[in-house]
>>> print(open('structure_4.pdb').read())   # PDB, C-alpha atoms
ATOM      1  CA  MET A   2      65.836 100.010 -14.008
ATOM      2  CA  ARG A   3      67.978  98.879 -16.961
ATOM      3  CA  ASP A   4      68.757  95.617 -15.158
ATOM      4  CA  THR A   5      65.059  95.088 -14.375
ATOM      5  CA  LEU A   6      64.075  95.613 -18.013
ATOM      6  CA  GLN A   7      66.841  93.287 -19.227
ATOM      7  CA  LYS A   8      65.746  90.478 -16.881
ATOM      8  CA  LEU A   9      62.113  91.033 -17.924
ATOM      9  CA  LYS A  10      63.109  90.829 -21.564
ATOM     10  CA  GLU A  11      65.081  87.590 -21.142
ATOM     11  CA  THR A  12      62.272  85.946 -19.170
ATOM     12  CA  ALA A  13      59.636  86.981 -21.712
ATOM     13  CA  TRP A  14      61.729  85.768 -24.683
ATOM     14  CA  ARG A  15      62.262  82.408 -23.026
ATOM     15  CA  GLN A  16      58.562  81.966 -22.235
ATOM     16  CA  ILE A  17      57.549  82.916 -25.758
ATOM     17  CA  ALA A  18      60.023  80.459 -27.262
ATOM     18  CA  GLU A  19      58.791  77.661 -24.990
ATOM     19  CA  ALA A  20      55.045  78.266 -25.574
ATOM     20  CA  GLY A  21      53.458  75.018 -26.794
ATOM     21  CA  ASP A  22      50.298  76.374 -28.439
ATOM     22  CA  THR A  23      48.504  79.596 -29.303
ATOM     23  CA  LYS A  24      46.401  79.477 -26.136
ATOM     24  CA  GLU A  25      49.506  79.453 -23.920
ATOM     25  CA  LEU A  26      51.073  82.194 -26.053
ATOM     26  CA  ASP A  27      48.018  84.399 -25.537
ATOM     27  CA  GLN A  28      48.384  84.009 -21.774
ATOM     28  CA  ILE A  29      52.018  85.203 -22.055
ATOM     29  CA  ARG A  30      50.891  88.229 -24.074
ATOM     30  CA  VAL A  31      48.404  89.197 -21.371
ATOM     31  CA  GLN A  32      51.078  88.655 -18.683
ATOM     32  CA  TYR A  33      53.423  91.241 -20.219
ATOM     33  CA  LEU A  34      51.329  93.513 -22.447
ATOM     34  CA  GLY A  35      47.846  93.376 -20.921
ATOM     35  CA  LYS A  36      46.199  96.193 -18.974
ATOM     36  CA  LYS A  37      47.559  94.713 -15.770
ATOM     37  CA  GLY A  38      50.722  93.354 -17.395
ATOM     38  CA  GLU A  39      54.275  93.845 -16.211
ATOM     39  CA  LEU A  40      55.257  96.440 -18.834
ATOM     40  CA  THR A  41      52.107  98.422 -18.135
ATOM     41  CA  GLY A  42      53.001  98.355 -14.453
ATOM     42  CA  LEU A  43      56.469  99.746 -15.193
ATOM     43  CA  LEU A  44      54.999 102.632 -17.160
ATOM     44  CA  ARG A  45      52.659 103.471 -14.294
ATOM     45  CA  SER A  46      55.563 103.489 -11.812
ATOM     46  CA  MET A  47      57.517 106.079 -13.802
ATOM     47  CA  GLY A  48      56.002 108.803 -11.638
ATOM     48  CA  SER A  49      58.541 107.974  -8.956
ATOM     49  CA  LEU A  50      61.471 108.653 -11.321
ATOM     50  CA  SER A  51      63.297 111.936 -11.728
ATOM     51  CA  PRO A  52      62.442 114.171 -14.697
ATOM     52  CA  GLU A  53      65.735 113.221 -16.336
ATOM     53  CA  GLU A  54      65.128 109.445 -16.020
ATOM     54  CA  ARG A  55      61.530 109.372 -17.255
ATOM     55  CA  PRO A  56      62.203 109.896 -21.006
ATOM     56  CA  VAL A  57      65.017 107.356 -20.975
ATOM     57  CA  VAL A  58      63.064 104.673 -19.142
ATOM     58  CA  GLY A  59      59.899 105.383 -21.169
ATOM     59  CA  LYS A  60      61.806 104.885 -24.404
ATOM     60  CA  MET A  61      63.312 101.600 -23.151
ATOM     61  CA  VAL A  62      59.889 100.261 -22.069
ATOM     62  CA  ASN A  63      58.275 101.164 -25.416
ATOM     63  CA  GLU A  64      61.129  99.557 -27.356
ATOM     64  CA  LEU A  65      60.754  96.373 -25.286
ATOM     65  CA  ARG A  66      56.987  96.424 -25.909
ATOM     66  CA  GLN A  67      57.559  96.614 -29.666
ATOM     67  CA  GLU A  68      60.102  93.770 -29.523
ATOM     68  CA  LEU A  69      57.726  91.549 -27.571
ATOM     69  CA  GLU A  70      54.791  92.336 -29.893
ATOM     70  CA  SER A  71      56.899  91.427 -32.922
ATOM     71  CA  LEU A  72      58.174  88.243 -31.299
ATOM     72  CA  LEU A  73      54.665  87.251 -30.206
ATOM     73  CA  LYS A  74      53.342  87.756 -33.730
ATOM     74  CA  GLU A  75      56.067  85.596 -35.285
ATOM     75  CA  ARG A  76      55.637  82.865 -32.674
ATOM     76  CA  HIS A  77      51.857  82.901 -33.116
ATOM     77  CA  ALA A  78      52.187  82.354 -36.868
ATOM     78  CA  SER A  79      54.638  79.510 -36.251
ATOM     79  CA  LEU A  80      52.366  77.809 -33.710
ATOM     80  CA  GLU A  81      49.313  78.157 -36.000
ATOM     81  CA  ALA A  82      51.202  76.424 -38.806
ATOM     82  CA  MET A  83      52.234  73.613 -36.456
ATOM     83  CA  GLU A  84      48.659  73.163 -35.199
ATOM     84  CA  LEU A  85      47.326  73.053 -38.763
ATOM     85  CA  GLU A  86      49.869  70.421 -39.712
ATOM     86  CA  ARG A  87      48.929  68.280 -36.702
ATOM     87  CA  ARG A  88      45.232  68.614 -37.503
ATOM     88  CA  LEU A  89      45.727  67.680 -41.141
ATOM     89  CA  LYS A  90      47.633  64.558 -40.142
ATOM     90  CA  ALA A  91      44.963  63.561 -37.617
ATOM     91  CA  GLU A  92      42.081  64.189 -40.045
ATOM     92  CA  LYS A  93      43.539  62.320 -42.971
ATOM     93  CA  ILE A  94      40.836  60.880 -45.265
ATOM     94  CA  ASP A  95      41.183  57.332 -46.503
ATOM     95  CA  ILE A  96      40.072  57.618 -50.122
ATOM     96  CA  THR A  97      39.897  53.819 -50.409
ATOM     97  CA  LEU A  98      36.890  53.711 -48.060
ATOM     98  CA  PRO A  99      33.498  53.190 -49.760
ATOM     99  CA  GLY A 100      31.421  56.318 -50.225
ATOM    100  CA  ARG A 101      28.415  57.152 -48.077
ATOM    101  CA  ARG A 102      25.142  56.799 -49.907
ATOM    102  CA  PRO A 103      22.720  59.697 -49.572
ATOM    103  CA  ALA A 104      19.664  59.058 -47.414
ATOM    104  CA  ARG A 105      16.828  57.652 -49.510
ATOM    105  CA  GLY A 106      13.285  58.855 -49.158
ATOM    106  CA  ARG A 107      10.283  56.561 -48.878
ATOM    107  CA  ARG A 108       6.774  56.648 -50.171
ATOM    108  CA  HIS A 109       4.279  58.116 -47.740
ATOM    109  CA  PRO A 110       2.099  55.442 -46.063
ATOM    110  CA  LEU A 111      -1.017  57.007 -47.609
ATOM    111  CA  THR A 112       0.579  56.811 -51.045
ATOM    112  CA  GLN A 113       1.416  53.162 -50.456
ATOM    113  CA  VAL A 114      -2.146  52.297 -49.420
ATOM    114  CA  LEU A 115      -3.674  54.348 -52.239
ATOM    115  CA  ASP A 116      -1.459  52.555 -54.759
ATOM    116  CA  GLU A 117      -2.579  49.203 -53.313
ATOM    117  CA  ILE A 118      -6.234  50.187 -53.652
ATOM    118  CA  LYS A 119      -5.806  51.437 -57.210
ATOM    119  CA  GLY A 120      -3.779  48.364 -58.137
ATOM    120  CA  PHE A 121      -6.545  46.041 -56.952
ATOM    121  CA  PHE A 122      -9.333  47.765 -58.858
ATOM    122  CA  ILE A 123      -7.262  48.223 -62.005
ATOM    123  CA  GLY A 124      -6.750  44.473 -61.897
ATOM    124  CA  MET A 125     -10.549  44.097 -61.711
ATOM    125  CA  GLY A 126     -10.985  46.139 -64.878
ATOM    126  CA  PHE A 127     -11.754  49.535 -63.334
ATOM    127  CA  GLU A 128     -10.439  52.775 -64.827
ATOM    128  CA  VAL A 129      -8.895  55.459 -62.591
ATOM    129  CA  VAL A 130     -10.546  58.865 -63.127
ATOM    130  CA  GLU A 131      -9.912  62.148 -61.329
ATOM    131  CA  GLY A 132     -11.911  65.354 -61.060
ATOM    132  CA  PRO A 133     -11.795  68.895 -59.639
ATOM    133  CA  GLU A 134     -11.426  69.456 -55.911
ATOM    134  CA  VAL A 135     -13.220  72.804 -56.172
ATOM    135  CA  GLU A 136     -16.658  71.636 -57.210
ATOM    136  CA  LEU A 137     -20.107  72.928 -58.080
ATOM    137  CA  ASP A 138     -22.928  72.383 -55.615
ATOM    138  CA  TYR A 139     -24.852  70.604 -58.371
ATOM    139  CA  TYR A 140     -22.279  67.827 -58.781
ATOM    140  CA  ASN A 141     -21.481  67.484 -55.084
ATOM    141  CA  PHE A 142     -25.092  67.381 -53.902
ATOM    142  CA  GLU A 143     -27.997  67.877 -56.288
ATOM    143  CA  ALA A 144     -26.968  65.371 -58.968
ATOM    144  CA  LEU A 145     -26.438  62.817 -56.188
ATOM    145  CA  ASN A 146     -30.069  63.038 -55.062
ATOM    146  CA  ILE A 147     -29.318  65.624 -52.363
ATOM    147  CA  PRO A 148     -31.410  68.729 -53.258
ATOM    148  CA  PRO A 149     -30.993  72.037 -51.356
ATOM    149  CA  ASP A 150     -33.683  71.216 -48.790
ATOM    150  CA  HIS A 151     -32.693  67.570 -48.318
ATOM    151  CA  PRO A 152     -31.991  66.637 -44.645
ATOM    152  CA  ALA A 153     -28.971  64.594 -45.746
ATOM    153  CA  ARG A 154     -27.060  67.866 -46.207
ATOM    154  CA  ASP A 155     -26.930  68.124 -42.431
ATOM    155  CA  MET A 156     -24.889  64.908 -42.315
ATOM    156  CA  GLN A 157     -21.685  66.681 -43.405
ATOM    157  CA  ASP A 158     -20.276  70.138 -42.793
ATOM    158  CA  THR A 159     -18.991  71.479 -46.073
ATOM    159  CA  PHE A 160     -16.429  74.175 -46.953
ATOM    160  CA  PHE A 161     -18.472  76.541 -49.138
ATOM    161  CA  ILE A 162     -16.545  79.104 -51.204
ATOM    162  CA  THR A 163     -19.672  80.752 -52.613
ATOM    163  CA  GLU A 164     -23.301  79.714 -52.486
ATOM    164  CA  ASP A 165     -22.804  77.401 -55.478
ATOM    165  CA  ILE A 166     -19.077  76.554 -55.271
ATOM    166  CA  LEU A 167     -17.430  74.419 -52.605
ATOM    167  CA  LEU A 168     -14.538  72.148 -51.744
ATOM    168  CA  ARG A 169     -15.882  68.714 -52.602
ATOM    169  CA  SER A 170     -16.911  66.642 -49.588
ATOM    170  CA  GLN A 171     -16.672  63.368 -51.542
ATOM    171  CA  THR A 172     -15.287  62.129 -54.864
ATOM    172  CA  SER A 173     -18.770  61.048 -56.029
ATOM    173  CA  PRO A 174     -19.051  64.149 -58.288
ATOM    174  CA  VAL A 175     -16.456  62.515 -60.544
ATOM    175  CA  GLN A 176     -18.909  59.673 -61.144
ATOM    176  CA  ILE A 177     -21.599  62.105 -62.304
ATOM    177  CA  ARG A 178     -19.186  63.889 -64.646
ATOM    178  CA  VAL A 179     -18.115  60.563 -66.175
ATOM    179  CA  MET A 180     -21.681  59.317 -66.660
ATOM    180  CA  GLU A 181     -22.664  62.593 -68.343
ATOM    181  CA  LYS A 182     -20.022  61.972 -71.006
ATOM    182  CA  GLN A 183     -19.983  58.176 -71.292
ATOM    183  CA  ARG A 184     -22.621  55.579 -72.032
ATOM    184  CA  PRO A 185     -22.644  52.279 -70.106
ATOM    185  CA  PRO A 186     -20.830  50.125 -69.364
ATOM    186  CA  VAL A 187     -19.026  52.329 -66.834
ATOM    187  CA  ARG A 188     -16.429  50.857 -64.495
ATOM    188  CA  ILE A 189     -14.378  53.513 -62.677
ATOM    189  CA  ILE A 190     -12.765  54.445 -59.385
ATOM    190  CA  ALA A 191     -12.266  58.081 -58.389
ATOM    191  CA  PRO A 192      -9.415  58.644 -55.905
ATOM    192  CA  GLY A 193      -8.621  62.072 -54.509
ATOM    193  CA  LYS A 194      -8.681  64.600 -51.684
ATOM    194  CA  VAL A 195     -11.959  65.585 -50.054
ATOM    195  CA  TYR A 196     -12.758  68.261 -47.483
ATOM    196  CA  ARG A 197     -15.036  68.399 -44.458
ATOM    197  CA  VAL A 198     -15.200  70.669 -41.423
ATOM    198  CA  ASP A 199     -13.910  68.177 -38.888
ATOM    199  CA  LEU A 200     -10.715  67.698 -36.876
ATOM    200  CA  ASP A 201      -9.868  65.208 -34.134
ATOM    201  CA  ALA A 202      -7.833  62.021 -33.673
ATOM    202  CA  THR A 203      -9.907  60.145 -36.269
ATOM    203  CA  HIS A 204     -11.064  62.979 -38.555
ATOM    204  CA  SER A 205      -9.185  65.494 -40.687
ATOM    205  CA  PRO A 206     -10.492  68.556 -42.580
ATOM    206  CA  MET A 207      -8.708  67.133 -45.623
ATOM    207  CA  PHE A 208      -8.463  63.414 -46.274
ATOM    208  CA  HIS A 209      -8.299  60.936 -49.149
ATOM    209  CA  GLN A 210     -11.163  58.934 -50.519
ATOM    210  CA  VAL A 211     -11.657  56.371 -53.268
ATOM    211  CA  GLU A 212     -15.144  55.992 -54.684
ATOM    212  CA  GLY A 213     -16.077  53.319 -57.171
ATOM    213  CA  LEU A 214     -18.873  53.011 -59.711
ATOM    214  CA  LEU A 215     -19.991  50.185 -61.970
ATOM    215  CA  VAL A 216     -22.994  50.602 -64.280
ATOM    216  CA  ASP A 217     -24.144  47.989 -66.783
ATOM    217  CA  ASP A 218     -27.318  46.283 -67.929
ATOM    218  CA  SER A 219     -27.049  43.324 -65.551
ATOM    219  CA  THR A 220     -25.333  44.621 -62.405
ATOM    220  CA  THR A 221     -26.529  43.131 -59.114
ATOM    221  CA  PHE A 222     -25.978  43.598 -55.407
ATOM    222  CA  GLY A 223     -24.267  40.217 -55.457
ATOM    223  CA  ASP A 224     -21.646  41.670 -57.829
ATOM    224  CA  LEU A 225     -21.045  44.489 -55.346
ATOM    225  CA  LYS A 226     -20.643  42.053 -52.450
ATOM    226  CA  GLY A 227     -18.236  39.856 -54.390
ATOM    227  CA  ILE A 228     -15.956  42.712 -55.460
ATOM    228  CA  LEU A 229     -15.856  44.349 -52.023
ATOM    229  CA  ALA A 230     -15.212  41.034 -50.255
ATOM    230  CA  ALA A 231     -12.282  40.397 -52.603
ATOM    231  CA  PHE A 232     -11.023  43.960 -52.040
ATOM    232  CA  LEU A 233     -11.054  43.636 -48.244
ATOM    233  CA  GLU A 234      -9.321  40.272 -48.479
ATOM    234  CA  ALA A 235      -6.570  41.932 -50.540
ATOM    235  CA  MET A 236      -6.222  44.714 -47.952
ATOM    236  CA  PHE A 237      -6.396  42.699 -44.713
ATOM    237  CA  GLY A 238      -5.631  39.101 -45.658
ATOM    238  CA  LYS A 239      -7.567  35.926 -46.295
ATOM    239  CA  GLY A 240      -9.952  34.365 -43.819
ATOM    240  CA  ARG A 241     -11.189  37.630 -42.303
ATOM    241  CA  ARG A 242     -14.972  37.779 -42.109
ATOM    242  CA  VAL A 243     -16.924  40.569 -43.824
ATOM    243  CA  ARG A 244     -20.498  41.648 -43.185
ATOM    244  CA  PHE A 245     -22.939  44.032 -44.893
ATOM    245  CA  ARG A 246     -25.299  46.067 -42.686
ATOM    246  CA  PRO A 247     -28.363  47.929 -44.022
ATOM    247  CA  SER A 248     -27.752  51.680 -44.021
ATOM    248  CA  PHE A 249     -28.813  54.888 -45.767
ATOM    249  CA  PHE A 250     -27.086  57.035 -48.391
ATOM    250  CA  PRO A 251     -29.074  59.494 -50.536
ATOM    251  CA  PHE A 252     -27.499  58.321 -53.801
ATOM    252  CA  THR A 253     -27.836  54.547 -53.328
ATOM    253  CA  GLU A 254     -30.828  52.288 -52.686
ATOM    254  CA  PRO A 255     -30.495  49.807 -51.107
ATOM    255  CA  SER A 256     -27.442  50.952 -49.132
ATOM    256  CA  ALA A 257     -25.077  49.043 -46.889
ATOM    257  CA  GLU A 258     -22.226  49.706 -44.492
ATOM    258  CA  VAL A 259     -19.441  47.154 -44.850
ATOM    259  CA  ASP A 260     -17.642  45.872 -41.752
ATOM    260  CA  VAL A 261     -14.583  43.669 -41.461
ATOM    261  CA  GLU A 262     -13.665  41.399 -38.587
ATOM    262  CA  CYS A 263     -11.520  43.328 -36.096
ATOM    263  CA  ILE A 264      -7.861  43.019 -37.037
ATOM    264  CA  MET A 265      -6.750  43.379 -33.401
ATOM    265  CA  CYS A 266      -8.935  40.829 -31.622
ATOM    266  CA  ASN A 267     -10.079  38.681 -34.581
ATOM    267  CA  GLY A 268     -13.698  39.192 -33.621
ATOM    268  CA  ASP A 269     -13.411  38.540 -29.874
ATOM    269  CA  GLY A 270     -14.033  42.168 -28.907
ATOM    270  CA  CYS A 271     -11.536  44.842 -27.836
ATOM    271  CA  ARG A 272     -11.164  48.583 -27.302
ATOM    272  CA  LEU A 273     -10.493  49.215 -31.004
ATOM    273  CA  CYS A 274     -13.799  47.675 -32.111
ATOM    274  CA  SER A 275     -15.734  48.824 -29.008
ATOM    275  CA  ASN A 276     -16.080  45.147 -28.042
ATOM    276  CA  THR A 277     -18.248  44.419 -31.089
ATOM    277  CA  GLY A 278     -15.671  42.333 -32.945
ATOM    278  CA  TRP A 279     -16.273  44.396 -36.108
ATOM    279  CA  LEU A 280     -14.724  47.488 -37.739
ATOM    280  CA  GLU A 281     -16.655  49.749 -40.092
ATOM    281  CA  ILE A 282     -14.695  50.090 -43.330
ATOM    282  CA  LEU A 283     -16.782  51.595 -46.139
ATOM    283  CA  GLY A 284     -20.207  52.507 -47.456
ATOM    284  CA  SER A 285     -21.853  51.062 -50.549
ATOM    285  CA  GLY A 286     -25.104  50.392 -52.339
ATOM    286  CA  MET A 287     -26.972  50.158 -55.628
ATOM    287  CA  VAL A 288     -27.104  53.476 -57.504
ATOM    288  CA  ASP A 289     -30.445  55.202 -56.914
ATOM    289  CA  PRO A 290     -32.568  55.268 -60.116
ATOM    290  CA  ARG A 291     -33.001  59.050 -59.767
ATOM    291  CA  VAL A 292     -29.223  59.493 -59.972
ATOM    292  CA  LEU A 293     -29.187  57.466 -63.195
ATOM    293  CA  GLU A 294     -32.019  59.581 -64.600
ATOM    294  CA  LYS A 295     -30.067  62.781 -63.835
ATOM    295  CA  VAL A 296     -27.313  61.714 -66.249
ATOM    296  CA  GLY A 297     -29.686  60.428 -68.926
ATOM    297  CA  TYR A 298     -29.476  56.700 -68.158
ATOM    298  CA  ASP A 299     -32.642  54.610 -68.312
ATOM    299  CA  PRO A 300     -32.900  52.957 -64.847
ATOM    300  CA  LYS A 301     -35.096  50.236 -66.337
ATOM    301  CA  GLN A 302     -32.256  49.247 -68.659
ATOM    302  CA  TYR A 303     -29.190  49.944 -66.523
ATOM    303  CA  GLN A 304     -28.304  49.230 -62.922
ATOM    304  CA  GLY A 305     -25.157  50.107 -61.041
ATOM    305  CA  PHE A 306     -23.445  49.981 -57.705
ATOM    306  CA  ALA A 307     -21.217  52.490 -55.937
ATOM    307  CA  PHE A 308     -18.936  52.420 -52.918
ATOM    308  CA  GLY A 309     -16.634  54.756 -51.044
ATOM    309  CA  VAL A 310     -13.653  54.059 -48.818
ATOM    310  CA  GLY A 311     -11.387  56.370 -46.816
ATOM    311  CA  VAL A 312      -7.698  55.813 -47.548
ATOM    312  CA  GLU A 313      -6.657  57.032 -44.088
ATOM    313  CA  ARG A 314      -9.126  54.597 -42.505
ATOM    314  CA  ILE A 315      -7.554  51.652 -44.336
ATOM    315  CA  ALA A 316      -4.012  52.846 -43.524
ATOM    316  CA  MET A 317      -4.781  53.334 -39.819
ATOM    317  CA  LEU A 318      -6.131  49.797 -39.539
ATOM    318  CA  LYS A 319      -3.371  48.192 -41.621
ATOM    319  CA  TYR A 320      -0.564  49.853 -39.663
ATOM    320  CA  GLY A 321      -2.145  50.187 -36.199
ATOM    321  CA  ILE A 322      -2.148  54.013 -36.196
ATOM    322  CA  ASP A 323      -4.495  55.647 -33.687
ATOM    323  CA  ASP A 324      -4.269  59.321 -34.742
ATOM    324  CA  ILE A 325      -5.034  60.452 -38.300
ATOM    325  CA  ARG A 326      -3.090  63.690 -37.767
ATOM    326  CA  LEU A 327       0.204  61.784 -37.804
ATOM    327  CA  PHE A 328      -0.168  61.361 -41.570
ATOM    328  CA  PHE A 329       0.046  65.120 -42.130
ATOM    329  CA  GLU A 330       2.678  66.265 -39.592
ATOM    330  CA  ASN A 331       5.692  65.261 -41.741
ATOM    331  CA  ASP A 332       7.525  63.805 -38.735
ATOM    332  CA  ILE A 333      10.418  61.872 -40.288
ATOM    333  CA  ARG A 334      10.533  59.532 -37.268
ATOM    334  CA  PHE A 335       6.975  58.433 -38.063
ATOM    335  CA  LEU A 336       7.392  58.244 -41.835
ATOM    336  CA  ARG A 337      10.569  56.134 -41.640
ATOM    337  CA  GLN A 338       8.545  53.269 -40.166
ATOM    338  CA  PHE A 339       6.844  52.512 -43.479
TER     339      PHE A 339
END
>>> encode(input="structure_4.pdb", output="structure tokens")
Amino acid sequence: MRDTLQKLKETAWRQIAEAGDTKELDQIRVQYLGKKGELTGLLRSMGSLSPEERPVVGKMVNELRQELESLLKERHASLEAMELERRLKAEKIDITLPGRRPARGRRHPLTQVLDEIKGFFIGMGFEVVEGPEVELDYYNFEALNIPPDHPARDMQDTFFITEDILLRSQTSPVQIRVMEKQRPPVRIIAPGKVYRVDLDATHSPMFHQVEGLLVDDSTTFGDLKGILAAFLEAMFGKGRRVRFRPSFFPFTEPSAEVDVECIMCNGDGCRLCSNTGWLEILGSGMVDPRVLEKVGYDPKQYQGFAFGVGVERIAMLKYGIDDIRLFFENDIRFLRQF
């Protein structure tokens, strides 16, 4: 038994000394000290020894176990140091290399389009005015010639908070608030978020709108047409035809829908324009005299025009986007394209 233990010791020492990495060393540990290891096997075979031999052999096996554990620990520390040194050499950093710039964010496509719209009208002498998103029924409807029993209220589903308080469904209330405080001339645009109970590929319960108002003592429908034609040219490029179609809005009379020549087919007809060659862009009209009277303006002395355009609508057409929900999903793959 002494000879067996001595040979086992010499073999184990040699294997430990020759181990090339910590993984190989761990395999050697299991080979000799594991539950099915060679030393464990010797201890289990002691039952075949005489009572006099058992204490002697047991002591020798335990001493060898302690020696191997100590040797394994020392060799493991040595191999770890060697592996760390190799890794440090392989992962050396060249401090002369240029630094990596942090990823830069970009302006949201809606912000870009909204800034373009505001920039155009500021250049035309309009002032940018904002108002509350939580609005009174009076400003959102009644002051705009839409009384409680008016059928036009059925044209839009509104988020009511109480009977008299709501999330504004348009930015037109800002125009009323401005006219209540300011005498003509008035030349403003009112950008902001609006809310309607609607959700599909082309409608969102929250979207952005820019409404414009110009009131003076000599304002005409021709002025409205000229400004909107110039605006659409700035948005979609020169040479694109624009048309005004008679329409109805409670707060303007006469009223007109404004269409632009389809940007995909240039008027030939395609799926985007439903083969009409035209795309509906915005609504407009001359301010109804009753709206002017509500704010204390004399409709015989002053005339005005108003218009409203959806920012998402402009952005979808400019960039060829077919689903309005993409603007609000915060998908970095989508936003990086702009």
>>> resolve_selection(input="structure_4.pdb", expression="the PyMOL selection byres ((chain A and resi 237-251) around 8)", output="list in words")
Leu145, Asn146, Ile147, Ala153, Ala230, Leu233, Glu234, Ala235, Met236, Phe252, Thr253, Glu254, Pro255, Ser256, Ala257, Glu258, Val259, Asp260, Val261, Glu262, Ile264, Asn267, Gly286, Asp289 and Lys319 of chain A
>>> atom_distance(input="structure_4.pdb", atom1="atom CA of Asp158 of chain A", atom2="atom CA of Asp332 of chain A")
28.8 Å
>>> resolve_selection(input="structure_4.pdb", expression="the PyMOL selection byres ((chain A and resi 209) around 12)", output="PyMOL selection string")
chain A and resi 111-112+114-115+118+134+169-172+191-197+204-208+210-212+309-316+325+328-329
>>> resolve_selection(input="structure_4.pdb", expression="the PyMOL selection byres ((chain A and resi 13-24) around 12)", output="number ranges by chain")
A: 6-12, 25-34, 38-40, 65-66, 68-85, 87
>>> atom_distance(input="structure_4.pdb", atom1="atom CA of Val296 of chain A", atom2="atom CA of Gln176 of chain A")
10.0 Å
>>> closest_residue(input="structure_4.pdb", among="A:Pro290, A:Gly223, A:Gly132, A:Gly278", to="Val179 of chain A", atoms="all atoms listed in the file")
A:Gly132
>>> closest_residue(input="structure_4.pdb", among="A:Val57, A:Ile123, A:Val292, A:Val62", to="Thr41 of chain A", atoms="all atoms listed in the file")
A:Val62
>>> atom_distance(input="structure_4.pdb", atom1="atom CA of Glu294 of chain A", atom2="atom CA of Ile166 of chain A")
23.3 Å
>>> closest_residue(input="structure_4.pdb", among="A:Leu137, A:Ile190, A:Cys263, A:Leu336", to="Leu167 of chain A", atoms="all atoms listed in the file")
A:Leu137
>>> residues_around(input="structure_4.pdb", residues="Tyr140 of chain A", least_positions_apart="4", cutoff="8 Å", atoms="all atoms listed in the file", output="list in words")
Glu136, Ala144, Leu145, Pro174, Ile177 and Arg178 of chain A
>>> closest_residue(input="structure_4.pdb", among="A:Asp217, A:Glu181, A:Glu117, A:Glu54", to="Phe232 of chain A", atoms="only C-alpha atoms")
A:Glu117
>>> closest_residue(input="structure_4.pdb", among="A:Phe308, A:Arg102, A:Arg272, A:Met61", to="Leu44 of chain A", atoms="only C-alpha atoms")
A:Met61
>>> closest_residue(input="structure_4.pdb", among="A:Tyr139, A:Phe222, A:Phe161, A:Phe122", to="Ser173 of chain A", atoms="only C-alpha atoms")
A:Tyr139
>>> build_atoms(input="structure_4.pdb", residues="segment 199-210 of chain A", atoms="N, CA and C atoms", output="tab-separated table (two decimals), in the coordinates of the input")
chain	number	residue	atom	x	y	z
A	199	ASP	N	-14.03	69.15	-39.98
A	199	ASP	CA	-13.91	68.18	-38.89
A	199	ASP	C	-12.43	67.98	-38.55
A	200	LEU	N	-12.10	67.92	-37.27
A	200	LEU	CA	-10.72	67.70	-36.88
A	200	LEU	C	-10.65	67.10	-35.48
A	201	ASP	N	-10.19	65.86	-35.40
A	201	ASP	CA	-9.87	65.21	-34.13
A	201	ASP	C	-8.95	64.03	-34.44
A	202	ALA	N	-8.79	63.12	-33.49
A	202	ALA	CA	-7.83	62.02	-33.67
A	202	ALA	C	-8.20	61.09	-34.83
A	203	THR	N	-9.48	61.06	-35.20
A	203	THR	CA	-9.91	60.14	-36.27
A	203	THR	C	-10.50	60.87	-37.47
A	204	HIS	N	-10.52	62.21	-37.44
A	204	HIS	CA	-11.06	62.98	-38.56
A	204	HIS	C	-10.11	64.12	-38.91
A	205	SER	N	-10.04	64.42	-40.20
A	205	SER	CA	-9.18	65.49	-40.69
A	205	SER	C	-10.00	66.38	-41.62
A	206	PRO	N	-9.76	67.69	-41.65
A	206	PRO	CA	-10.49	68.56	-42.58
A	206	PRO	C	-10.17	68.26	-44.04
A	207	MET	N	-9.05	67.60	-44.28
A	207	MET	CA	-8.71	67.13	-45.62
A	207	MET	C	-8.28	65.69	-45.50
A	208	PHE	N	-8.87	64.82	-46.29
A	208	PHE	CA	-8.46	63.41	-46.27
A	208	PHE	C	-8.64	62.83	-47.67
A	209	HIS	N	-8.28	61.57	-47.83
A	209	HIS	CA	-8.30	60.94	-49.15
A	209	HIS	C	-9.40	59.88	-49.22
A	210	GLN	N	-10.05	59.85	-50.34
A	210	GLN	CA	-11.16	58.93	-50.52
A	210	GLN	C	-11.06	58.28	-51.89
